[in-house]
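Q: TSV, C-alpha atoms (C1' of nucleotides), file upload_2.tsv:
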```
chain	number	residue	atom	x	y	z
A	145	MET	CA	6.94	4.15	24.66
A	146	PRO	CA	9.43	4.34	21.82
A	147	THR	CA	8.99	7.48	19.76
A	148	LYS	CA	7.70	6.83	16.26
A	149	THR	CA	9.82	8.52	13.65
A	150	TYR	CA	8.86	9.70	10.18
A	151	HIS	CA	11.40	10.98	7.70
A	152	ILE	CA	9.03	12.74	5.35
A	153	GLY	CA	5.40	13.81	5.58
A	154	VAL	CA	4.10	11.50	2.88
A	155	GLU	CA	4.90	8.49	5.06
A	156	ALA	CA	2.23	9.53	7.55
A	157	THR	CA	-0.32	10.22	4.82
A	158	MET	CA	0.23	6.83	3.22
A	159	GLU	CA	-0.18	5.10	6.54
A	160	ILE	CA	-3.68	6.55	6.62
A	161	ILE	CA	-4.90	6.35	3.02
A	162	GLY	CA	-2.55	3.62	1.73
A	163	GLY	CA	-3.36	-0.03	1.21
A	164	LYS	CA	-5.73	-1.53	-1.30
A	165	TRP	CA	-9.02	-0.22	0.09
A	166	LYS	CA	-8.83	2.97	2.15
A	167	SER	CA	-8.53	5.46	-0.67
A	168	ILE	CA	-11.35	3.77	-2.56
A	169	ILE	CA	-13.65	3.90	0.45
A	170	LEU	CA	-12.79	7.55	1.03
A	171	CYS	CA	-13.42	8.48	-2.59
A	172	HIS	CA	-16.96	7.18	-2.23
A	173	LEU	CA	-17.57	8.89	1.11
A	174	ARG	CA	-16.35	12.13	-0.41
A	175	HIS	CA	-19.70	12.56	-2.14
A	176	GLN	CA	-22.12	11.33	0.49
A	177	THR	CA	-22.74	9.62	3.77
A	178	MET	CA	-23.13	5.90	3.09
A	179	ARG	CA	-24.43	2.80	4.83
A	180	THR	CA	-22.26	-0.28	5.15
A	181	SER	CA	-24.26	-2.13	2.53
A	182	GLU	CA	-24.11	0.83	0.15
A	183	LEU	CA	-20.35	0.88	0.40
A	184	ALA	CA	-20.26	-2.86	-0.19
A	185	ARG	CA	-22.34	-2.42	-3.34
A	186	ALA	CA	-20.20	0.48	-4.52
A	187	ILE	CA	-17.03	-1.60	-4.05
A	188	PRO	CA	-18.12	-5.06	-5.17
A	189	GLN	CA	-14.62	-6.58	-4.94
A	190	ILE	CA	-14.27	-5.93	-1.20
A	191	SER	CA	-15.15	-8.52	1.42
A	192	GLN	CA	-17.29	-7.82	4.46
A	193	LYS	CA	-14.28	-8.35	6.68
A	194	MET	CA	-12.02	-5.91	4.82
A	195	LEU	CA	-14.75	-3.30	4.66
A	196	THR	CA	-15.35	-3.17	8.38
A	197	GLN	CA	-11.67	-3.53	9.21
A	198	GLN	CA	-10.70	-0.59	7.01
A	199	LEU	CA	-13.60	1.51	8.29
A	200	ARG	CA	-12.48	0.86	11.89
A	201	GLU	CA	-8.98	2.03	11.06
A	202	LEU	CA	-10.25	5.15	9.34
A	203	GLU	CA	-12.44	5.83	12.35
A	204	ALA	CA	-9.46	5.43	14.69
A	205	ALA	CA	-7.53	7.95	12.60
A	206	ASN	CA	-10.44	10.39	12.91
A	207	ILE	CA	-11.08	10.40	9.16
A	208	VAL	CA	-14.60	8.94	9.24
A	209	THR	CA	-17.42	8.82	11.77
A	210	ARG	CA	-19.57	5.80	12.43
A	211	HIS	CA	-23.21	6.37	13.28
A	212	VAL	CA	-25.27	3.46	14.62
A	213	TYR	CA	-29.06	3.71	14.54
A	214	LYS	CA	-30.90	1.77	17.20
A	215	GLN	CA	-32.88	-0.38	14.81
A	216	VAL	CA	-33.41	-3.96	13.82
A	217	PRO	CA	-32.10	-4.95	11.37
A	218	PRO	CA	-29.14	-2.76	12.22
A	219	ARG	CA	-28.40	0.41	10.35
A	220	VAL	CA	-24.96	1.99	10.45
A	221	ASP	CA	-23.62	4.77	8.35
A	222	TYR	CA	-20.30	6.37	7.72
A	223	ALA	CA	-19.29	9.88	6.79
A	224	LEU	CA	-16.11	11.88	6.49
A	225	THR	CA	-15.21	13.93	9.55
A	226	ASP	CA	-14.21	17.55	9.05
A	227	TYR	CA	-10.64	16.36	9.19
A	228	GLY	CA	-11.43	13.67	6.63
A	229	GLU	CA	-12.84	16.39	4.40
A	230	SER	CA	-9.39	17.95	4.35
A	231	LEU	CA	-8.36	15.00	2.19
A	232	SER	CA	-11.10	15.66	-0.32
A	233	GLY	CA	-8.99	17.65	-2.77
A	234	ILE	CA	-6.23	15.06	-2.75
A	235	LEU	CA	-8.69	12.22	-3.22
A	236	HIS	CA	-10.23	13.97	-6.17
A	237	GLU	CA	-6.86	14.48	-7.81
A	238	LEU	CA	-5.93	10.85	-7.22
A	239	CYS	CA	-9.09	9.80	-9.03
A	240	VAL	CA	-8.54	12.16	-11.93
A	241	TRP	CA	-4.90	11.22	-12.35
A	242	GLY	CA	-5.86	7.55	-12.38
A	243	GLU	CA	-8.55	8.13	-14.97
A	244	ASP	CA	-5.99	9.85	-17.17
A	245	ASN	CA	-3.51	7.03	-16.57
A	246	ILE	CA	-6.08	4.47	-17.71
A	247	ASP	CA	-6.84	6.55	-20.82
A	248	ARG	CA	-3.15	6.61	-21.75
A	249	ARG	CA	-2.71	2.93	-21.26
A	250	GLN	CA	-5.79	2.22	-23.36
A	251	ALA	CA	-4.41	4.49	-26.07
A	252	GLU	CA	-1.27	2.35	-26.05
A	253	GLY	CA	-3.33	-0.76	-26.65
A	254	GLU	CA	-3.45	-2.17	-23.12
A	255	GLU	CA	-6.53	-4.26	-22.41
A	256	ILE	CA	-7.94	-2.27	-19.57
A	257	THR	CA	-11.33	-0.86	-18.55
A	258	LEU	CA	-12.58	1.76	-16.14
A	259	LEU	CA	-16.13	1.07	-15.07
A	260	SER	CA	-17.14	4.37	-13.60
A	261	ARG	CA	-15.77	7.83	-13.85
A	262	ASP	CA	-17.64	9.25	-10.95
A	263	ASP	CA	-15.47	12.26	-10.39
A	264	VAL	CA	-17.04	15.42	-11.60
B	78	MET	CA	-5.52	-11.69	-22.49
B	79	PRO	CA	-8.10	-11.06	-19.78
B	80	THR	CA	-9.07	-7.41	-19.65
B	81	LYS	CA	-8.00	-5.68	-16.48
B	82	THR	CA	-10.87	-3.84	-14.85
B	83	TYR	CA	-10.80	-0.83	-12.57
B	84	HIS	CA	-13.88	0.44	-10.83
B	85	ILE	CA	-12.60	3.90	-9.93
B	86	GLY	CA	-9.65	5.99	-11.04
B	87	VAL	CA	-7.87	6.04	-7.70
B	88	GLU	CA	-7.26	2.28	-7.98
B	89	ALA	CA	-4.92	2.84	-10.90
B	90	THR	CA	-3.13	5.71	-9.18
B	91	MET	CA	-2.53	3.67	-6.08
B	92	GLU	CA	-1.15	0.79	-8.09
B	93	ILE	CA	1.54	3.20	-9.24
B	94	ILE	CA	2.35	5.32	-6.20
B	95	GLY	CA	1.07	2.97	-3.48
B	96	GLY	CA	3.11	0.71	-1.28
B	97	LYS	CA	5.60	1.63	1.37
B	98	TRP	CA	8.29	3.18	-0.82
B	99	LYS	CA	7.15	4.55	-4.16
B	100	SER	CA	5.65	7.80	-2.96
B	101	ILE	CA	8.69	8.48	-0.77
B	102	ILE	CA	11.08	7.94	-3.66
B	103	LEU	CA	8.97	10.16	-5.89
B	104	CYS	CA	8.81	12.95	-3.31
B	105	HIS	CA	12.61	13.08	-3.34
B	106	LEU	CA	12.88	12.97	-7.12
B	107	ARG	CA	10.40	15.80	-7.34
B	108	HIS	CA	13.13	18.26	-6.37
B	109	GLN	CA	16.10	16.88	-8.27
B	110	THR	CA	17.66	14.12	-10.29
B	111	MET	CA	19.35	11.71	-7.89
B	112	ARG	CA	21.88	8.90	-7.99
B	113	THR	CA	21.06	5.51	-6.48
B	114	SER	CA	23.32	6.14	-3.52
B	115	GLU	CA	21.84	9.59	-2.93
B	116	LEU	CA	18.37	8.10	-2.77
B	117	ALA	CA	19.64	5.44	-0.40
B	118	ARG	CA	21.04	8.15	1.90
B	119	ALA	CA	17.85	10.20	1.66
B	120	ILE	CA	15.75	7.14	2.63
B	121	PRO	CA	17.93	5.42	5.22
B	122	GLN	CA	15.30	2.80	6.13
B	123	ILE	CA	15.13	1.31	2.63
B	124	SER	CA	17.17	-1.72	1.59
B	125	GLN	CA	19.21	-1.83	-1.59
B	126	LYS	CA	16.90	-4.49	-2.94
B	127	MET	CA	13.71	-2.51	-2.35
B	128	LEU	CA	15.21	0.64	-3.77
B	129	THR	CA	16.14	-0.91	-7.11
B	130	GLN	CA	12.97	-2.98	-7.25
B	131	GLN	CA	10.73	0.05	-6.75
B	132	LEU	CA	12.74	2.13	-9.20
B	133	ARG	CA	12.34	-0.58	-11.85
B	134	GLU	CA	8.60	-0.57	-11.35
B	135	LEU	CA	8.40	3.20	-11.58
B	136	GLU	CA	10.50	3.03	-14.74
B	137	ALA	CA	8.15	0.43	-16.23
B	138	ALA	CA	5.20	2.74	-15.50
B	139	ASN	CA	7.01	5.57	-17.29
B	140	ILE	CA	7.21	7.69	-14.15
B	141	VAL	CA	11.00	7.83	-13.84
B	142	THR	CA	13.92	7.53	-16.25
B	143	ARG	CA	17.10	5.64	-15.51
B	144	HIS	CA	20.31	7.04	-16.91
B	145	VAL	CA	23.44	4.88	-16.81
B	146	TYR	CA	26.81	6.58	-17.27
B	147	LYS	CA	29.54	4.46	-18.84
B	148	GLN	CA	31.94	4.70	-15.92
B	149	VAL	CA	33.73	2.60	-13.36
B	150	PRO	CA	32.65	2.53	-10.64
B	151	PRO	CA	29.13	2.65	-12.11
B	152	ARG	CA	27.02	5.77	-11.95
B	153	VAL	CA	23.27	5.66	-12.45
B	154	ASP	CA	20.78	8.39	-11.90
B	155	TYR	CA	17.05	8.70	-11.81
B	156	ALA	CA	14.72	11.54	-12.66
B	157	LEU	CA	10.99	12.06	-13.10
B	158	THR	CA	9.73	11.79	-16.66
B	159	ASP	CA	7.41	14.50	-17.95
B	160	TYR	CA	4.57	12.19	-17.09
B	161	GLY	CA	6.04	11.66	-13.63
B	162	GLU	CA	6.06	15.43	-13.22
B	163	SER	CA	2.30	15.37	-13.60
B	164	LEU	CA	2.24	13.76	-10.14
B	165	SER	CA	4.24	16.56	-8.61
B	166	GLY	CA	1.30	18.54	-7.27
B	167	ILE	CA	-0.28	15.48	-5.71
B	168	LEU	CA	3.01	14.40	-4.14
B	169	HIS	CA	3.46	17.83	-2.65
B	170	GLU	CA	-0.01	17.77	-1.13
B	171	LEU	CA	0.54	14.29	0.26
B	172	CYS	CA	3.66	15.58	2.01
B	173	VAL	CA	1.98	18.66	3.37
B	174	TRP	CA	-1.08	16.78	4.61
B	175	GLY	CA	1.17	14.28	6.35
B	176	GLU	CA	3.15	17.05	8.02
B	177	ASP	CA	-0.06	18.53	9.32
B	178	ASN	CA	-1.24	15.11	10.47
B	179	ILE	CA	1.96	14.66	12.45
B	180	ASP	CA	1.57	18.11	14.00
B	181	ARG	CA	-1.94	17.24	15.14
B	182	ARG	CA	-0.92	13.94	16.61
B	183	GLN	CA	1.94	15.60	18.45
B	184	ALA	CA	-0.46	18.23	19.78
B	185	GLU	CA	-2.54	15.38	21.18
B	186	GLY	CA	0.45	14.01	23.01
B	187	GLU	CA	1.47	11.19	20.72
B	188	GLU	CA	5.17	10.36	20.81
B	189	ILE	CA	6.02	11.02	17.23
B	190	THR	CA	8.71	12.87	15.29
B	191	LEU	CA	9.13	14.17	11.77
B	192	LEU	CA	12.77	14.43	10.81
B	193	SER	CA	12.64	16.65	7.79
B	194	ARG	CA	10.02	18.97	6.46
B	195	ASP	CA	11.51	19.34	3.03
B	196	ASP	CA	8.43	20.57	1.29
B	197	VAL	CA	8.52	24.26	0.57
C	95	DT	C1'	48.07	-8.48	-4.34
C	96	DG	C1'	44.11	-7.08	-2.50
C	97	DC	C1'	40.84	-3.53	-1.10
C	98	DG	C1'	37.35	0.24	-1.86
C	99	DA	C1'	33.80	2.19	-4.52
C	100	DT	C1'	29.10	1.71	-7.02
C	101	DA	C1'	25.18	-0.50	-8.53
C	102	DC	C1'	23.43	-4.17	-9.01
C	103	DC	C1'	21.49	-9.64	-8.62
C	104	DC	C1'	19.87	-13.85	-6.30
C	105	DA	C1'	18.24	-17.21	-2.82
C	106	DC	C1'	16.02	-17.60	1.13
C	107	DC	C1'	13.10	-16.26	5.03
C	108	DA	C1'	9.66	-13.40	7.91
C	109	DA	C1'	5.88	-10.45	8.39
C	110	DA	C1'	1.96	-8.01	6.80
C	111	DA	C1'	-1.99	-7.74	4.06
C	112	DG	C1'	-5.78	-9.67	2.18
C	113	DG	C1'	-9.34	-13.55	1.15
C	114	DT	C1'	-12.85	-17.29	2.38
C	115	DA	C1'	-16.22	-19.38	4.89
C	116	DA	C1'	-18.82	-20.07	8.70
C	117	DC	C1'	-20.87	-18.00	12.63
C	118	DT	C1'	-23.57	-14.37	15.80
C	119	DA	C1'	-27.73	-11.26	16.97
C	120	DT	C1'	-32.49	-9.38	16.42
C	121	DT	C1'	-37.09	-8.67	14.59
C	122	DA	C1'	-40.70	-8.63	10.99
C	123	DG	C1'	-43.38	-11.19	8.34
C	124	DA	C1'	-44.72	-15.44	5.31
D	11	DT	C1'	-41.82	-22.20	12.75
D	12	DC	C1'	-38.69	-20.66	9.31
D	13	DT	C1'	-36.61	-17.13	6.50
D	14	DA	C1'	-34.82	-12.61	5.12
D	15	DA	C1'	-32.36	-8.64	6.23
D	16	DT	C1'	-28.19	-5.99	8.22
D	17	DA	C1'	-23.80	-5.52	10.35
D	18	DG	C1'	-20.39	-7.68	12.28
D	19	DT	C1'	-16.92	-11.33	14.23
D	20	DT	C1'	-13.79	-15.27	14.13
D	21	DA	C1'	-10.63	-18.87	12.59
D	22	DC	C1'	-7.93	-20.25	9.11
D	23	DC	C1'	-5.37	-19.89	4.87
D	24	DT	C1'	-2.87	-17.66	0.76
D	25	DT	C1'	-0.52	-13.98	-1.43
D	26	DT	C1'	2.12	-10.08	-1.41
D	27	DT	C1'	5.53	-7.35	0.48
D	28	DG	C1'	9.66	-6.54	2.65
D	29	DG	C1'	14.28	-7.91	4.89
D	30	DT	C1'	18.97	-10.30	5.18
D	31	DG	C1'	23.02	-11.91	3.64
D	32	DG	C1'	25.54	-13.33	0.27
D	33	DG	C1'	27.61	-12.76	-4.56
D	34	DT	C1'	28.97	-10.25	-9.24
D	35	DA	C1'	31.63	-6.75	-12.12
D	36	DT	C1'	35.23	-3.14	-13.15
D	37	DC	C1'	38.93	0.06	-12.33
D	38	DG	C1'	42.20	2.82	-9.55
D	39	DC	C1'	45.23	2.91	-5.95
D	40	DA	C1'	48.12	1.66	-1.80
```
What would you get if you wrote out this structure as structure tokens?
A:
Amino acid sequence: MPTKTYHIGVEATMEIIGGKWKSIILCHLRHQTMRTSELARAIPQISQKMLTQQLRELEAANIVTRHVYKQVPPRVDYALTDYGESLSGILHELCVWGEDNIDRRQAEGEEITLLSRDDV
Amino acid sequence: MPTKTYHIGVEATMEIIGGKWKSIILCHLRHQTMRTSELARAIPQISQKMLTQQLRELEAANIVTRHVYKQVPPRVDYALTDYGESLSGILHELCVWGEDNIDRRQAEGEEITLLSRDDV
DNA sequence: TGCGATACCCACCAAAAGGTAACTATTAGA
DNA sequence: TCTAATAGTTACCTTTTGGTGGGTATCGCA
């Protein structure tokens, strides 16, 4: 197999938490284990397809675990792995920086809203 | 104008440092002011077009400044703004986490290389 | 005269990422 | 018998992102 080459560490990180959805999903899982439908409610813009696709990729990267209960209707929940928890600090800072960014842009008159400031 | 809505802070952050190139460019600028050609050498995979495009977007977000010297041949350099500096800690952690991620994957036998570990 | 150096721009094309809608399975309960 | 509920898949399409190859401008220098 051809060796995969990175030039700088951040490339690898962004491969894992980059894209439109992964960091958002992880920010929610940072606080609690969540069912599929809970995640979907917490991220109303995401489609069913994207949600499961992104969760599969996070699982493959050993960032989240998937737990299937043997029930009907099905019940599945997701949680950060220990390794996923090592991203917790970064995720928190990304949220806080973004909140501050939105505040600044509002102060400059941009028409912009932040619906929930769930980071403590 | 329709109000832009974010649901969680990290969405705004990712709009600014997300994508394939922005965080890499910023990680380099974290250590020093750099000319266009220096950035191009530091990030050999990037095309001229992408480099200037991403720099324009970072400039528009007030994360970097562009300084043009009145010379021939032209000389332009880029540096983090004060606001851009507020990302410095996050960028550093993203690099370090990625380096650790690469180490782990290597330890598990993946064929993977990290060329430079420039974070102190 | 014509080339090298630097920092662009533009038109065009390819690939990746994301979105929509319709479909599956199973069981409880109206 | 029909419907709701949950989690997921699949095919198909659109949008966004990124890549290539060309072109511009100015000045010094061989």
Q: What does the structure give for the distance between CA of Glu201 in chain A and CA of Leu173 in chain A, in Å to one decimal?
A: 14.8 Å
Q: CA of Leu171 in chain B and CA of Glu159 in chain A are how many Å apart?
A: 11.2 Å
Q: Just how far from CA of Thr180 in chain A is CA of Val208 in chain A, in Å to one decimal?
A: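 Pair CA of Val208 in chain A / CA of Thr180 in chain A returns 12.7 Å.
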Q: For the reference chain A, what are the coordinates of chain B after least-squares fitting (all Cα, in-order pairing), as a PDB file with C-alpha atoms, keeping the file's coordinate frame?
A:
```pdb
ATOM      1  CA  MET B  78       7.024   4.206  24.699  1.00  0.00           C
ATOM      2  CA  PRO B  79       9.448   4.307  21.781  1.00  0.00           C
ATOM      3  CA  THR B  80       8.988   7.454  19.741  1.00  0.00           C
ATOM      4  CA  LYS B  81       7.685   6.818  16.265  1.00  0.00           C
ATOM      5  CA  THR B  82       9.811   8.513  13.640  1.00  0.00           C
ATOM      6  CA  TYR B  83       8.857   9.695  10.182  1.00  0.00           C
ATOM      7  CA  HIS B  84      11.400  10.969   7.725  1.00  0.00           C
ATOM      8  CA  ILE B  85       9.019  12.740   5.357  1.00  0.00           C
ATOM      9  CA  GLY B  86       5.402  13.824   5.578  1.00  0.00           C
ATOM     10  CA  VAL B  87       4.093  11.525   2.871  1.00  0.00           C
ATOM     11  CA  GLU B  88       4.910   8.501   5.057  1.00  0.00           C
ATOM     12  CA  ALA B  89       2.240   9.524   7.534  1.00  0.00           C
ATOM     13  CA  THR B  90      -0.305  10.234   4.809  1.00  0.00           C
ATOM     14  CA  MET B  91       0.231   6.866   3.229  1.00  0.00           C
ATOM     15  CA  GLU B  92      -0.172   5.107   6.543  1.00  0.00           C
ATOM     16  CA  ILE B  93      -3.673   6.557   6.611  1.00  0.00           C
ATOM     17  CA  ILE B  94      -4.896   6.387   3.024  1.00  0.00           C
ATOM     18  CA  GLY B  95      -2.552   3.671   1.726  1.00  0.00           C
ATOM     19  CA  GLY B  96      -3.355   0.042   1.182  1.00  0.00           C
ATOM     20  CA  LYS B  97      -5.716  -1.498  -1.292  1.00  0.00           C
ATOM     21  CA  TRP B  98      -9.004  -0.199   0.099  1.00  0.00           C
ATOM     22  CA  LYS B  99      -8.816   2.969   2.164  1.00  0.00           C
ATOM     23  CA  SER B 100      -8.526   5.467  -0.652  1.00  0.00           C
ATOM     24  CA  ILE B 101     -11.353   3.764  -2.552  1.00  0.00           C
ATOM     25  CA  ILE B 102     -13.654   3.895   0.454  1.00  0.00           C
ATOM     26  CA  LEU B 103     -12.775   7.533   1.037  1.00  0.00           C
ATOM     27  CA  CYS B 104     -13.403   8.480  -2.593  1.00  0.00           C
ATOM     28  CA  HIS B 105     -16.956   7.175  -2.230  1.00  0.00           C
ATOM     29  CA  LEU B 106     -17.559   8.880   1.103  1.00  0.00           C
ATOM     30  CA  ARG B 107     -16.357  12.127  -0.387  1.00  0.00           C
ATOM     31  CA  HIS B 108     -19.692  12.540  -2.162  1.00  0.00           C
ATOM     32  CA  GLN B 109     -22.110  11.303   0.476  1.00  0.00           C
ATOM     33  CA  THR B 110     -22.725   9.575   3.758  1.00  0.00           C
ATOM     34  CA  MET B 111     -23.128   5.860   3.079  1.00  0.00           C
ATOM     35  CA  ARG B 112     -24.416   2.769   4.839  1.00  0.00           C
ATOM     36  CA  THR B 113     -22.233  -0.326   5.150  1.00  0.00           C
ATOM     37  CA  SER B 114     -24.242  -2.161   2.530  1.00  0.00           C
ATOM     38  CA  GLU B 115     -24.109   0.791   0.141  1.00  0.00           C
ATOM     39  CA  LEU B 116     -20.337   0.846   0.381  1.00  0.00           C
ATOM     40  CA  ALA B 117     -20.263  -2.892  -0.191  1.00  0.00           C
ATOM     41  CA  ARG B 118     -22.328  -2.451  -3.375  1.00  0.00           C
ATOM     42  CA  ALA B 119     -20.182   0.463  -4.531  1.00  0.00           C
ATOM     43  CA  ILE B 120     -17.000  -1.626  -4.057  1.00  0.00           C
ATOM     44  CA  PRO B 121     -18.093  -5.080  -5.192  1.00  0.00           C
ATOM     45  CA  GLN B 122     -14.593  -6.597  -4.942  1.00  0.00           C
ATOM     46  CA  ILE B 123     -14.244  -5.945  -1.206  1.00  0.00           C
ATOM     47  CA  SER B 124     -15.098  -8.553   1.419  1.00  0.00           C
ATOM     48  CA  GLN B 125     -17.268  -7.811   4.423  1.00  0.00           C
ATOM     49  CA  LYS B 126     -14.285  -8.348   6.669  1.00  0.00           C
ATOM     50  CA  MET B 127     -12.026  -5.903   4.834  1.00  0.00           C
ATOM     51  CA  LEU B 128     -14.736  -3.295   4.638  1.00  0.00           C
ATOM     52  CA  THR B 129     -15.362  -3.181   8.382  1.00  0.00           C
ATOM     53  CA  GLN B 130     -11.680  -3.541   9.202  1.00  0.00           C
ATOM     54  CA  GLN B 131     -10.699  -0.588   7.019  1.00  0.00           C
ATOM     55  CA  LEU B 132     -13.586   1.510   8.297  1.00  0.00           C
ATOM     56  CA  ARG B 133     -12.480   0.871  11.888  1.00  0.00           C
ATOM     57  CA  GLU B 134      -8.986   2.028  11.057  1.00  0.00           C
ATOM     58  CA  LEU B 135     -10.238   5.161   9.348  1.00  0.00           C
ATOM     59  CA  GLU B 136     -12.439   5.824  12.371  1.00  0.00           C
ATOM     60  CA  ALA B 137      -9.456   5.419  14.703  1.00  0.00           C
ATOM     61  CA  ALA B 138      -7.527   7.961  12.608  1.00  0.00           C
ATOM     62  CA  ASN B 139     -10.442  10.389  12.923  1.00  0.00           C
ATOM     63  CA  ILE B 140     -11.092  10.398   9.185  1.00  0.00           C
ATOM     64  CA  VAL B 141     -14.604   8.934   9.250  1.00  0.00           C
ATOM     65  CA  THR B 142     -17.433   8.813  11.780  1.00  0.00           C
ATOM     66  CA  ARG B 143     -19.578   5.777  12.426  1.00  0.00           C
ATOM     67  CA  HIS B 144     -23.206   6.369  13.269  1.00  0.00           C
ATOM     68  CA  VAL B 145     -25.270   3.462  14.595  1.00  0.00           C
ATOM     69  CA  TYR B 146     -29.059   3.758  14.497  1.00  0.00           C
ATOM     70  CA  LYS B 147     -30.944   1.867  17.195  1.00  0.00           C
ATOM     71  CA  GLN B 148     -32.940  -0.305  14.820  1.00  0.00           C
ATOM     72  CA  VAL B 149     -33.535  -3.896  13.860  1.00  0.00           C
ATOM     73  CA  PRO B 150     -32.229  -4.908  11.443  1.00  0.00           C
ATOM     74  CA  PRO B 151     -29.185  -2.761  12.273  1.00  0.00           C
ATOM     75  CA  ARG B 152     -28.393   0.384  10.352  1.00  0.00           C
ATOM     76  CA  VAL B 153     -24.950   1.952  10.440  1.00  0.00           C
ATOM     77  CA  ASP B 154     -23.621   4.740   8.338  1.00  0.00           C
ATOM     78  CA  TYR B 155     -20.291   6.333   7.710  1.00  0.00           C
ATOM     79  CA  ALA B 156     -19.297   9.847   6.774  1.00  0.00           C
ATOM     80  CA  LEU B 157     -16.102  11.869   6.497  1.00  0.00           C
ATOM     81  CA  THR B 158     -15.212  13.912   9.558  1.00  0.00           C
ATOM     82  CA  ASP B 159     -14.225  17.541   9.066  1.00  0.00           C
ATOM     83  CA  TYR B 160     -10.653  16.370   9.181  1.00  0.00           C
ATOM     84  CA  GLY B 161     -11.447  13.675   6.628  1.00  0.00           C
ATOM     85  CA  GLU B 162     -12.835  16.405   4.392  1.00  0.00           C
ATOM     86  CA  SER B 163      -9.388  17.956   4.351  1.00  0.00           C
ATOM     87  CA  LEU B 164      -8.368  14.990   2.176  1.00  0.00           C
ATOM     88  CA  SER B 165     -11.100  15.661  -0.327  1.00  0.00           C
ATOM     89  CA  GLY B 166      -8.993  17.637  -2.781  1.00  0.00           C
ATOM     90  CA  ILE B 167      -6.228  15.058  -2.758  1.00  0.00           C
ATOM     91  CA  LEU B 168      -8.690  12.198  -3.219  1.00  0.00           C
ATOM     92  CA  HIS B 169     -10.234  13.962  -6.167  1.00  0.00           C
ATOM     93  CA  GLU B 170      -6.855  14.453  -7.811  1.00  0.00           C
ATOM     94  CA  LEU B 171      -5.913  10.835  -7.207  1.00  0.00           C
ATOM     95  CA  CYS B 172      -9.088   9.798  -9.026  1.00  0.00           C
ATOM     96  CA  VAL B 173      -8.552  12.151 -11.913  1.00  0.00           C
ATOM     97  CA  TRP B 174      -4.899  11.208 -12.362  1.00  0.00           C
ATOM     98  CA  GLY B 175      -5.853   7.543 -12.369  1.00  0.00           C
ATOM     99  CA  GLU B 176      -8.540   8.129 -14.980  1.00  0.00           C
ATOM    100  CA  ASP B 177      -6.002   9.835 -17.177  1.00  0.00           C
ATOM    101  CA  ASN B 178      -3.513   7.031 -16.580  1.00  0.00           C
ATOM    102  CA  ILE B 179      -6.086   4.491 -17.718  1.00  0.00           C
ATOM    103  CA  ASP B 180      -6.857   6.555 -20.817  1.00  0.00           C
ATOM    104  CA  ARG B 181      -3.178   6.619 -21.733  1.00  0.00           C
ATOM    105  CA  ARG B 182      -2.728   2.925 -21.238  1.00  0.00           C
ATOM    106  CA  GLN B 183      -5.792   2.230 -23.346  1.00  0.00           C
ATOM    107  CA  ALA B 184      -4.427   4.515 -26.059  1.00  0.00           C
ATOM    108  CA  GLU B 185      -1.297   2.368 -26.057  1.00  0.00           C
ATOM    109  CA  GLY B 186      -3.347  -0.736 -26.628  1.00  0.00           C
ATOM    110  CA  GLU B 187      -3.470  -2.173 -23.141  1.00  0.00           C
ATOM    111  CA  GLU B 188      -6.558  -4.251 -22.412  1.00  0.00           C
ATOM    112  CA  ILE B 189      -7.963  -2.262 -19.575  1.00  0.00           C
ATOM    113  CA  THR B 190     -11.337  -0.854 -18.548  1.00  0.00           C
ATOM    114  CA  LEU B 191     -12.579   1.766 -16.129  1.00  0.00           C
ATOM    115  CA  LEU B 192     -16.130   1.087 -15.049  1.00  0.00           C
ATOM    116  CA  SER B 193     -17.157   4.380 -13.578  1.00  0.00           C
ATOM    117  CA  ARG B 194     -15.752   7.838 -13.872  1.00  0.00           C
ATOM    118  CA  ASP B 195     -17.622   9.285 -10.952  1.00  0.00           C
ATOM    119  CA  ASP B 196     -15.427  12.269 -10.398  1.00  0.00           C
ATOM    120  CA  VAL B 197     -16.967  15.477 -11.615  1.00  0.00           C
TER     121      VAL B 197
END
```
Q: Determine, counting all atoms listed in the file, which protein, DNA and RNA residues have an atom within 12 Å of an atom of DG98 in chain C; residues of the same chain fewer than 2 positions away are not included. Present the result as a list of chain:residue names.
A: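 My list of contacting residues is B:Pro150, C:DG96, C:DT100, D:DT36, D:DC37, D:DG38, D:DC39, D:DA40.
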Q: Counting all atoms listed in the file, find the residues whose atoms lie at most 12 Å from (2.9, 17.5, 6.4) (file coordinates) and write them out as a PyMOL selection string.
A: (chain A and resi 150-158) or (chain B and resi 168-182+190-197)
Q: Dump as a ChimeraX atom specification the residues of chain B that approach chain D to within 8 Å, counting all atoms listed in the file.
A: /B:124,127,149-150
Q: For Gln198 in chain A, which residue out of A:His172, A:Arg185, A:Arg219, A:Lys164 is the nearest one, using all atoms listed in the file?
A: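 Distance minimum relative to Gln198 in chain A lands on A:Lys164.
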Q: Pick from B:Asn139, B:Ser114, B:Gln148, B:Gln109: nearest to chain A, with only C-alpha atoms counted?
A: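 Looking only at the distances to chain A, the closest residue turns out to be B:Asn139.
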